[in-house]
>>> print(open('target-v3.cif').read())   # mmCIF, C-alpha atoms
data_coords
loop_
_atom_site.label_atom_id
_atom_site.label_comp_id
_atom_site.auth_asym_id
_atom_site.auth_seq_id
_atom_site.Cartn_x
_atom_site.Cartn_y
_atom_site.Cartn_z
CA ASP A 459 27.51 28.53 -6.22
CA GLN A 460 24.23 26.86 -5.23
CA TRP A 461 25.36 23.50 -6.56
CA ARG A 462 26.99 20.94 -4.29
CA HIS A 463 28.17 18.71 -7.13
CA HIS A 464 27.99 18.38 -10.92
CA TRP A 465 28.14 15.14 -12.89
CA LYS A 466 29.60 15.56 -16.38
CA ASN A 467 29.80 13.42 -19.52
CA GLN A 468 32.97 12.60 -21.43
CA ASN A 469 32.81 15.94 -23.24
CA GLY A 470 32.66 17.91 -20.01
CA LYS A 471 28.99 18.81 -20.36
CA ILE A 472 26.98 18.85 -17.13
CA THR A 473 24.36 16.08 -17.17
CA LEU A 474 23.17 16.23 -13.55
CA SER A 475 23.59 18.68 -10.66
CA LEU A 476 22.99 18.39 -6.92
CA SER A 477 22.03 21.09 -4.43
CA LEU A 478 21.23 20.95 -0.71
CA ALA A 479 18.99 23.43 1.10
CA ASN A 480 17.05 23.09 4.37
CA ASN A 481 18.20 19.47 4.69
CA SER A 482 16.59 18.62 1.34
CA TYR A 483 18.41 17.54 -1.83
CA THR A 484 17.48 18.63 -5.35
CA LEU A 485 18.80 16.85 -8.43
CA HIS A 486 18.58 18.87 -11.64
CA VAL A 487 18.86 17.57 -15.22
CA PRO A 488 19.73 20.72 -17.21
CA GLY A 489 16.93 21.87 -19.48
CA LEU A 490 14.70 18.90 -18.68
CA VAL A 491 13.58 18.23 -15.12
CA SER A 492 14.36 18.73 -11.43
CA PHE A 493 13.72 16.22 -8.66
CA LYS A 494 13.36 17.35 -5.04
CA LEU A 495 13.83 14.78 -2.26
CA ASP A 496 12.48 15.01 1.27
CA ALA A 497 14.91 14.83 4.20
CA ASP A 498 14.68 11.02 4.44
CA GLY A 499 14.63 10.23 0.73
CA ASP A 500 11.18 8.66 1.06
CA HIS A 501 9.36 11.05 -1.27
CA VAL A 502 10.38 12.59 -4.59
CA MET A 503 8.71 15.56 -6.29
CA CYS A 504 9.47 16.19 -9.95
CA PHE A 505 9.33 19.49 -11.81
CA PRO A 506 9.68 18.88 -15.56
CA GLN A 507 9.93 21.57 -18.20
CA PRO A 508 6.62 21.95 -20.09
CA SER A 509 7.88 20.25 -23.26
CA VAL A 510 9.37 17.20 -21.50
CA SER A 511 7.41 13.93 -21.84
CA GLU A 512 6.49 11.53 -19.04
CA ASP A 513 8.72 8.88 -20.66
CA ILE A 514 11.79 11.12 -20.29
CA VAL A 515 10.92 12.02 -16.69
CA GLY A 516 10.39 8.33 -15.88
CA HIS A 517 13.68 7.38 -17.51
CA PHE A 518 15.73 9.82 -15.44
CA LEU A 519 13.83 8.84 -12.30
CA VAL A 520 14.60 5.11 -12.58
CA ALA A 521 18.04 5.41 -14.19
CA GLN A 522 19.60 8.29 -12.24
CA ILE A 523 17.53 9.44 -9.26
CA LEU A 524 16.26 6.25 -7.58
CA PRO A 525 19.66 4.50 -7.69
CA ARG A 526 21.23 7.44 -5.84
CA ILE A 527 18.39 7.48 -3.31
CA PHE A 528 18.72 3.75 -2.61
CA ALA A 529 22.49 4.02 -2.25
CA HIS A 530 22.40 7.05 0.04
CA PHE A 531 19.35 6.54 2.24
CA HIS A 532 18.62 2.82 2.23
CA ASP A 533 21.98 1.04 2.57
CA TYR A 534 21.99 -0.49 -0.91
CA PRO A 535 25.31 -0.34 -2.79
CA VAL A 536 24.11 0.36 -6.32
CA LEU A 537 26.32 -0.24 -9.36
CA HIS A 538 26.15 1.41 -12.78
CA ALA A 539 26.15 -1.81 -14.76
CA SER A 540 24.40 -3.99 -17.28
CA CYS A 541 23.77 -7.59 -16.33
CA VAL A 542 22.69 -10.85 -17.99
CA THR A 543 21.75 -14.18 -16.46
CA ASP A 544 21.13 -17.86 -17.16
CA GLU A 545 19.73 -20.51 -14.81
CA ASP A 546 22.92 -20.55 -12.68
CA GLY A 547 23.59 -16.88 -11.98
CA CYS A 548 24.53 -13.61 -13.60
CA TRP A 549 27.42 -11.73 -15.19
CA CYS A 550 27.71 -7.97 -14.63
CA PHE A 551 29.43 -5.55 -17.02
CA LEU A 552 30.77 -2.28 -15.60
CA GLY A 553 32.59 0.59 -17.25
CA ASP A 554 32.44 4.18 -18.40
CA THR A 555 29.74 5.45 -20.74
CA GLY A 556 30.53 4.26 -24.26
CA CYS A 557 32.44 1.13 -23.26
CA GLY A 558 29.74 -1.17 -24.64
CA LYS A 559 27.92 -2.41 -21.52
CA SER A 560 24.48 -2.24 -23.14
CA THR A 561 25.65 -3.57 -26.50
CA LEU A 562 27.31 -6.55 -24.83
CA ALA A 563 24.17 -7.31 -22.78
CA ALA A 564 22.03 -7.06 -25.92
CA ALA A 565 24.33 -9.47 -27.77
CA PHE A 566 24.01 -11.98 -24.90
CA ALA A 567 20.22 -11.56 -25.00
CA GLN A 568 20.19 -12.58 -28.65
CA GLN A 569 21.93 -15.82 -27.61
CA GLY A 570 19.16 -16.71 -25.16
CA TYR A 571 20.33 -15.01 -21.96
CA THR A 572 17.98 -12.83 -19.92
CA VAL A 573 18.89 -9.18 -19.44
CA LEU A 574 18.51 -8.35 -15.77
CA THR A 575 19.24 -4.65 -16.16
CA ASP A 576 20.88 -2.15 -18.45
CA ASP A 577 21.66 0.69 -16.06
CA CYS A 578 21.82 -0.23 -12.40
CA LEU A 579 21.66 -3.04 -9.87
CA SER A 580 22.01 -3.26 -6.11
CA ILE A 581 24.29 -5.82 -4.48
CA SER A 582 24.07 -7.67 -1.20
CA THR A 583 26.23 -10.28 0.47
CA GLU A 584 25.33 -13.59 2.05
CA PRO A 585 27.68 -16.22 3.51
CA GLY A 586 29.64 -17.47 0.50
CA CYS A 587 27.55 -15.56 -2.02
CA VAL A 588 27.05 -12.14 -3.57
CA ARG A 589 23.60 -11.41 -4.99
CA CYS A 590 22.27 -8.64 -7.19
CA THR A 591 18.81 -7.13 -7.53
CA PRO A 592 18.14 -5.43 -10.87
CA SER A 593 16.26 -2.30 -11.84
CA TYR A 594 14.24 -2.22 -15.09
CA SER A 595 15.19 -4.86 -17.64
CA GLY A 596 14.99 -3.01 -20.96
CA ILE A 597 18.12 -2.14 -22.95
CA ARG A 598 19.04 1.32 -24.24
CA LEU A 599 21.19 1.26 -27.38
CA LEU A 600 22.69 3.88 -29.61
CA PRO A 601 21.20 3.73 -33.12
CA ASP A 602 24.31 2.14 -34.69
CA SER A 603 24.34 -0.71 -32.14
CA PHE A 604 20.58 -1.11 -32.52
CA LYS A 605 20.92 -1.58 -36.28
CA ARG A 606 24.04 -3.76 -36.09
CA LEU A 607 22.34 -6.20 -33.72
CA GLY A 608 19.31 -6.41 -36.01
CA TYR A 609 16.60 -5.53 -33.51
CA SER A 610 13.08 -5.09 -34.80
CA GLU A 611 11.47 -1.66 -34.47
CA LYS A 612 8.35 -3.49 -33.29
CA LEU A 613 10.15 -4.36 -30.05
CA SER A 614 11.43 -0.88 -29.28
CA PHE A 615 10.61 2.75 -28.90
CA PHE A 616 12.76 5.82 -29.32
CA LEU A 617 13.60 7.98 -26.36
CA HIS A 618 13.97 11.66 -27.22
CA GLU A 619 16.71 12.25 -24.67
CA PRO A 620 20.11 13.91 -25.10
CA SER A 621 21.84 10.60 -25.86
CA GLY A 622 19.41 9.72 -28.65
CA LYS A 623 19.31 6.09 -27.51
CA VAL A 624 16.67 3.54 -28.50
CA GLN A 625 14.86 1.63 -25.74
CA VAL A 626 14.56 -2.10 -26.51
CA LEU A 627 11.78 -3.74 -24.55
CA SER A 628 12.62 -6.96 -22.69
CA GLN A 629 10.79 -10.09 -23.79
CA LYS A 630 11.64 -12.04 -20.63
CA LYS A 631 10.77 -11.31 -17.01
CA PRO A 632 13.96 -11.25 -14.92
CA SER A 633 14.37 -12.74 -11.48
CA LEU A 634 14.21 -10.46 -8.46
CA SER A 635 17.52 -11.56 -6.93
CA VAL A 636 20.28 -13.57 -8.58
CA PRO A 637 23.69 -14.86 -7.42
CA VAL A 638 26.59 -13.05 -9.08
CA LYS A 639 29.04 -15.26 -10.98
CA ALA A 640 31.47 -12.53 -12.07
CA LEU A 641 31.99 -8.80 -12.57
CA PHE A 642 33.65 -7.66 -15.79
CA PHE A 643 35.15 -4.16 -15.99
CA LEU A 644 35.22 -2.96 -19.60
CA SER A 645 38.16 -0.85 -20.66
CA PRO A 646 37.61 2.52 -22.40
CA PRO A 647 37.21 2.42 -26.20
CA ALA A 648 40.48 4.31 -26.71
CA GLU A 649 42.40 1.45 -25.06
CA ASN A 650 40.85 -1.09 -27.46
CA GLU A 651 41.45 0.81 -30.69
CA GLY A 652 43.11 -1.39 -33.29
CA LYS A 653 42.78 -4.58 -31.23
CA SER A 654 41.16 -7.63 -32.81
CA VAL A 655 41.45 -10.01 -29.82
CA VAL A 656 39.40 -9.87 -26.64
CA GLU A 657 41.60 -10.00 -23.54
CA VAL A 658 40.29 -11.02 -20.12
CA LYS A 659 42.48 -10.75 -17.05
CA ALA A 660 41.86 -11.15 -13.33
CA LEU A 661 42.13 -8.10 -11.08
CA SER A 662 43.63 -7.98 -7.62
CA LYS A 663 41.26 -7.35 -4.72
CA SER A 664 42.43 -3.75 -4.40
CA GLU A 665 42.02 -3.12 -8.15
CA ALA A 666 38.53 -4.63 -8.11
CA MET A 667 37.58 -2.54 -5.09
CA LYS A 668 38.64 0.67 -6.85
CA MET A 669 36.66 -0.27 -9.96
CA VAL A 670 33.50 -1.12 -8.02
CA LEU A 671 33.66 2.20 -6.15
CA ALA A 672 34.27 4.09 -9.39
CA ASN A 673 31.19 2.46 -10.93
CA SER A 674 28.85 2.96 -7.97
CA PHE A 675 26.00 5.45 -7.81
CA SER A 676 26.45 8.17 -5.20
CA LEU A 677 24.44 11.16 -4.08
CA ASP A 678 26.45 13.45 -1.81
CA PHE A 679 30.25 13.29 -1.97
CA TYR A 680 30.48 15.66 1.01
CA ASP A 681 28.62 13.28 3.31
CA THR A 682 31.57 11.51 4.93
CA PHE A 683 29.37 9.18 6.99
CA TYR A 684 27.72 7.90 3.81
CA LEU A 685 31.04 7.53 1.98
CA GLU A 686 32.54 5.52 4.85
CA ARG A 687 29.47 3.27 4.99
CA GLN A 688 29.54 2.75 1.22
CA PHE A 689 33.23 1.80 1.35
CA PHE A 690 32.74 -0.89 4.00
CA GLN A 691 29.56 -2.22 2.35
CA ILE A 692 31.40 -2.82 -0.89
CA ALA A 693 34.54 -4.10 0.84
CA GLY A 694 32.40 -6.64 2.69
#
>>> encode(input="target-v3.cif", output="structure tokens")
Amino acid sequence: DQWRHHWKNQNGKITLSLSLANNSYTLHVPGLVSFKLDADGDHVMCFPQPSVSEDIVGHFLVAQILPRIFAHFHDYPVLHASCVTDEDGCWCFLGDTGCGKSTLAAAFAQQGYTVLTDDCLSISTEPGCVRCTPSYSGIRLLPDSFKRLGYSEKLSFFLHEPSGKVQVLSQKKPSLSVPVKALFFLSPPAENEGKSVVEVKALSKSEAMKMVLANSFSLDFYDTFYLERQFFQIAG
């Protein structure tokens, strides 16, 4: 098997694969595009299928490839999260695909908050403060959420990707680095079925640590040096 690791969606379908040859990683999106990294992660070459648009290639680059490069090569813990902010700081929403991270961020945006990011953010620590730096600020919504929230088609464009999500363009320019006020871990939809009340509970430090690790971007799960470094970065 040439593949070092496969990432799969909730239905067990492979969405991204990793291989390593001659000290160089390749990340492959089945049927769409492959990205080859140099040994230091400083350069990325992309090899799209002929029918794949630049928008799709760019989406996978910023949403899947660059976060893993930053986390692995450049000492940035990177979380799979959506995030909104006001003048005092930001709230980050983490959870599995389908939990409602993007929908929740979009709902906050309609109440005047600024969306920092929909997919990923890096975190850093300072004395007495945790800060986050966002990636792109647009929101990707499934068509039903897009319609339910009443977004105008003039502010969006459709991405022809496997998920069929709609990209909603941000109308506000986010800050480059923002203090984090709280992390919220969203429970899977199956656990919320039939519930009409929103429940919020505090997690222990060990529980929070497990959830942050589970929602972090990673590249090579066989690189024990990287995994150890990631663990202590997040624990700090």
>>> residues_around(input="target-v3.cif", residues="Asn481 of chain A", least_positions_apart="2", cutoff="9 Å", atoms="only C-alpha atoms", output="MDAnalysis selection string")
chainID A and resid 478:479 483 496:497
>>> resolve_selection(input="target-v3.cif", expression="the PyMOL selection byres ((chain A and resi 548) around 6)", output="NGL selection string")
:A and (542-543 or 547 or 549 or 638-639)
>>> write_last_selection(input="target-v3.cif", atoms="C-alpha atoms", output="PDB file, in the coordinates of the input")
ATOM      1  CA  VAL A 542      22.690 -10.850 -17.990  1.00  0.00           C
ATOM      2  CA  THR A 543      21.750 -14.180 -16.460  1.00  0.00           C
ATOM      3  CA  GLY A 547      23.590 -16.880 -11.980  1.00  0.00           C
ATOM      4  CA  TRP A 549      27.420 -11.730 -15.190  1.00  0.00           C
ATOM      5  CA  VAL A 638      26.590 -13.050  -9.080  1.00  0.00           C
ATOM      6  CA  LYS A 639      29.040 -15.260 -10.980  1.00  0.00           C
TER       7      LYS A 639
END
>>> atom_distance(input="target-v3.cif", atom1="atom CA of Val520 of chain A", atom2="atom CA of Ser593 of chain A")
7.6 Å
>>> closest_residue(input="target-v3.cif", among="A:Leu599, A:Leu490, A:Leu485, A:Leu677", to="Ser511 of chain A", atoms="all atoms listed in the file")
A:Leu490
>>> resolve_selection(input="target-v3.cif", expression="the PyMOL selection byres ((chain A and resi 551-559) around 12)", output="MDAnalysis selection string")
chainID A and resid 466:469 536:543 548:550 560:566 573:579 597:600 602:603 621 623 638:651 666 669:675
>>> atom_distance(input="target-v3.cif", atom1="atom CA of Tyr571 of chain A", atom2="atom CA of Gly516 of chain A")
26.1 Å
>>> closest_residue(input="target-v3.cif", among="A:Gln569, A:Gln688, A:Ser477, A:Ser635", to="Arg589 of chain A", atoms="all atoms listed in the file")
A:Ser635
>>> resolve_selection(input="target-v3.cif", expression="the PyMOL selection byres ((chain A and resi 690-693) around 10)", output="PDB file with C-alpha atoms, keeping the file's coordinate frame")
ATOM      1  CA  ASP A 533      21.980   1.040   2.570  1.00  0.00           C
ATOM      2  CA  TYR A 534      21.990  -0.490  -0.910  1.00  0.00           C
ATOM      3  CA  PRO A 535      25.310  -0.340  -2.790  1.00  0.00           C
ATOM      4  CA  VAL A 536      24.110   0.360  -6.320  1.00  0.00           C
ATOM      5  CA  ILE A 581      24.290  -5.820  -4.480  1.00  0.00           C
ATOM      6  CA  SER A 582      24.070  -7.670  -1.200  1.00  0.00           C
ATOM      7  CA  THR A 583      26.230 -10.280   0.470  1.00  0.00           C
ATOM      8  CA  LYS A 663      41.260  -7.350  -4.720  1.00  0.00           C
ATOM      9  CA  SER A 664      42.430  -3.750  -4.400  1.00  0.00           C
ATOM     10  CA  ALA A 666      38.530  -4.630  -8.110  1.00  0.00           C
ATOM     11  CA  MET A 667      37.580  -2.540  -5.090  1.00  0.00           C
ATOM     12  CA  LYS A 668      38.640   0.670  -6.850  1.00  0.00           C
ATOM     13  CA  VAL A 670      33.500  -1.120  -8.020  1.00  0.00           C
ATOM     14  CA  LEU A 671      33.660   2.200  -6.150  1.00  0.00           C
ATOM     15  CA  SER A 674      28.850   2.960  -7.970  1.00  0.00           C
ATOM     16  CA  LEU A 685      31.040   7.530   1.980  1.00  0.00           C
ATOM     17  CA  GLU A 686      32.540   5.520   4.850  1.00  0.00           C
ATOM     18  CA  ARG A 687      29.470   3.270   4.990  1.00  0.00           C
ATOM     19  CA  GLN A 688      29.540   2.750   1.220  1.00  0.00           C
ATOM     20  CA  PHE A 689      33.230   1.800   1.350  1.00  0.00           C
ATOM     21  CA  GLY A 694      32.400  -6.640   2.690  1.00  0.00           C
TER      22      GLY A 694
END
>>> axis_aligned_box(input="target-v3.cif", around="segment 655-662 of chain A", padding_each_side="8 Å", output="JSON")
{"center_x": 41.5, "center_y": -9.6, "center_z": -18.7, "size_x": 20.2, "size_y": 19.2, "size_z": 38.2}
>>> residues_around(input="target-v3.cif", residues="His501 of chain A", least_positions_apart="4", cutoff="12 Å", atoms="all atoms listed in the file", output="list in words")
Ser482, Tyr483, Thr484, Phe493, Lys494, Leu495, Asp496, Ala497, Ile523, Leu524, Ile527, Phe528 and Phe531 of chain A
>>> closest_residue(input="target-v3.cif", among="A:Ala567, A:Leu519, A:Ile514, A:Val588", to="Pro637 of chain A", atoms="all atoms listed in the file")
A:Val588
>>> residues_around(input="target-v3.cif", residues="Pro506 of chain A", least_positions_apart="2", cutoff="9 Å", atoms="all atoms listed in the file", output="CSV table (one decimal) with C-alpha atoms, in the frame of the given file")
chain,number,residue,atom,x,y,z
A,489,GLY,CA,16.9,21.9,-19.5
A,490,LEU,CA,14.7,18.9,-18.7
A,491,VAL,CA,13.6,18.2,-15.1
A,492,SER,CA,14.4,18.7,-11.4
A,493,PHE,CA,13.7,16.2,-8.7
A,504,CYS,CA,9.5,16.2,-10.0
A,508,PRO,CA,6.6,22.0,-20.1
A,509,SER,CA,7.9,20.2,-23.3
A,510,VAL,CA,9.4,17.2,-21.5
A,511,SER,CA,7.4,13.9,-21.8
A,512,GLU,CA,6.5,11.5,-19.0
A,515,VAL,CA,10.9,12.0,-16.7
>>> closest_residue(input="target-v3.cif", among="A:Lys659, A:Lys605, A:Lys653, A:Arg526", to="Tyr684 of chain A", atoms="all atoms listed in the file")
A:Arg526
>>> atom_distance(input="target-v3.cif", atom1="atom CA of Cys590 of chain A", atom2="atom CA of Gln522 of chain A")
17.9 Å
>>> closest_residue(input="target-v3.cif", among="A:Ser676, A:Asp513, A:His532, A:Trp465", to="Asp498 of chain A", atoms="all atoms listed in the file")
A:His532
>>> residues_around(input="target-v3.cif", residues="Ser475 of chain A", least_positions_apart="2", cutoff="8 Å", atoms="all atoms listed in the file", output="short mmCIF file (atom, residue, chain, number, x, y, z; two decimals) with C-alpha atoms, keeping the file's coordinate frame")
data_model
loop_
_atom_site.label_atom_id
_atom_site.label_comp_id
_atom_site.auth_asym_id
_atom_site.auth_seq_id
_atom_site.Cartn_x
_atom_site.Cartn_y
_atom_site.Cartn_z
CA TRP A 461 25.36 23.50 -6.56
CA ARG A 462 26.99 20.94 -4.29
CA HIS A 463 28.17 18.71 -7.13
CA HIS A 464 27.99 18.38 -10.92
CA TRP A 465 28.14 15.14 -12.89
CA ILE A 472 26.98 18.85 -17.13
CA THR A 473 24.36 16.08 -17.17
CA SER A 477 22.03 21.09 -4.43
CA LEU A 485 18.80 16.85 -8.43
CA HIS A 486 18.58 18.87 -11.64
CA VAL A 487 18.86 17.57 -15.22
CA PRO A 488 19.73 20.72 -17.21
#
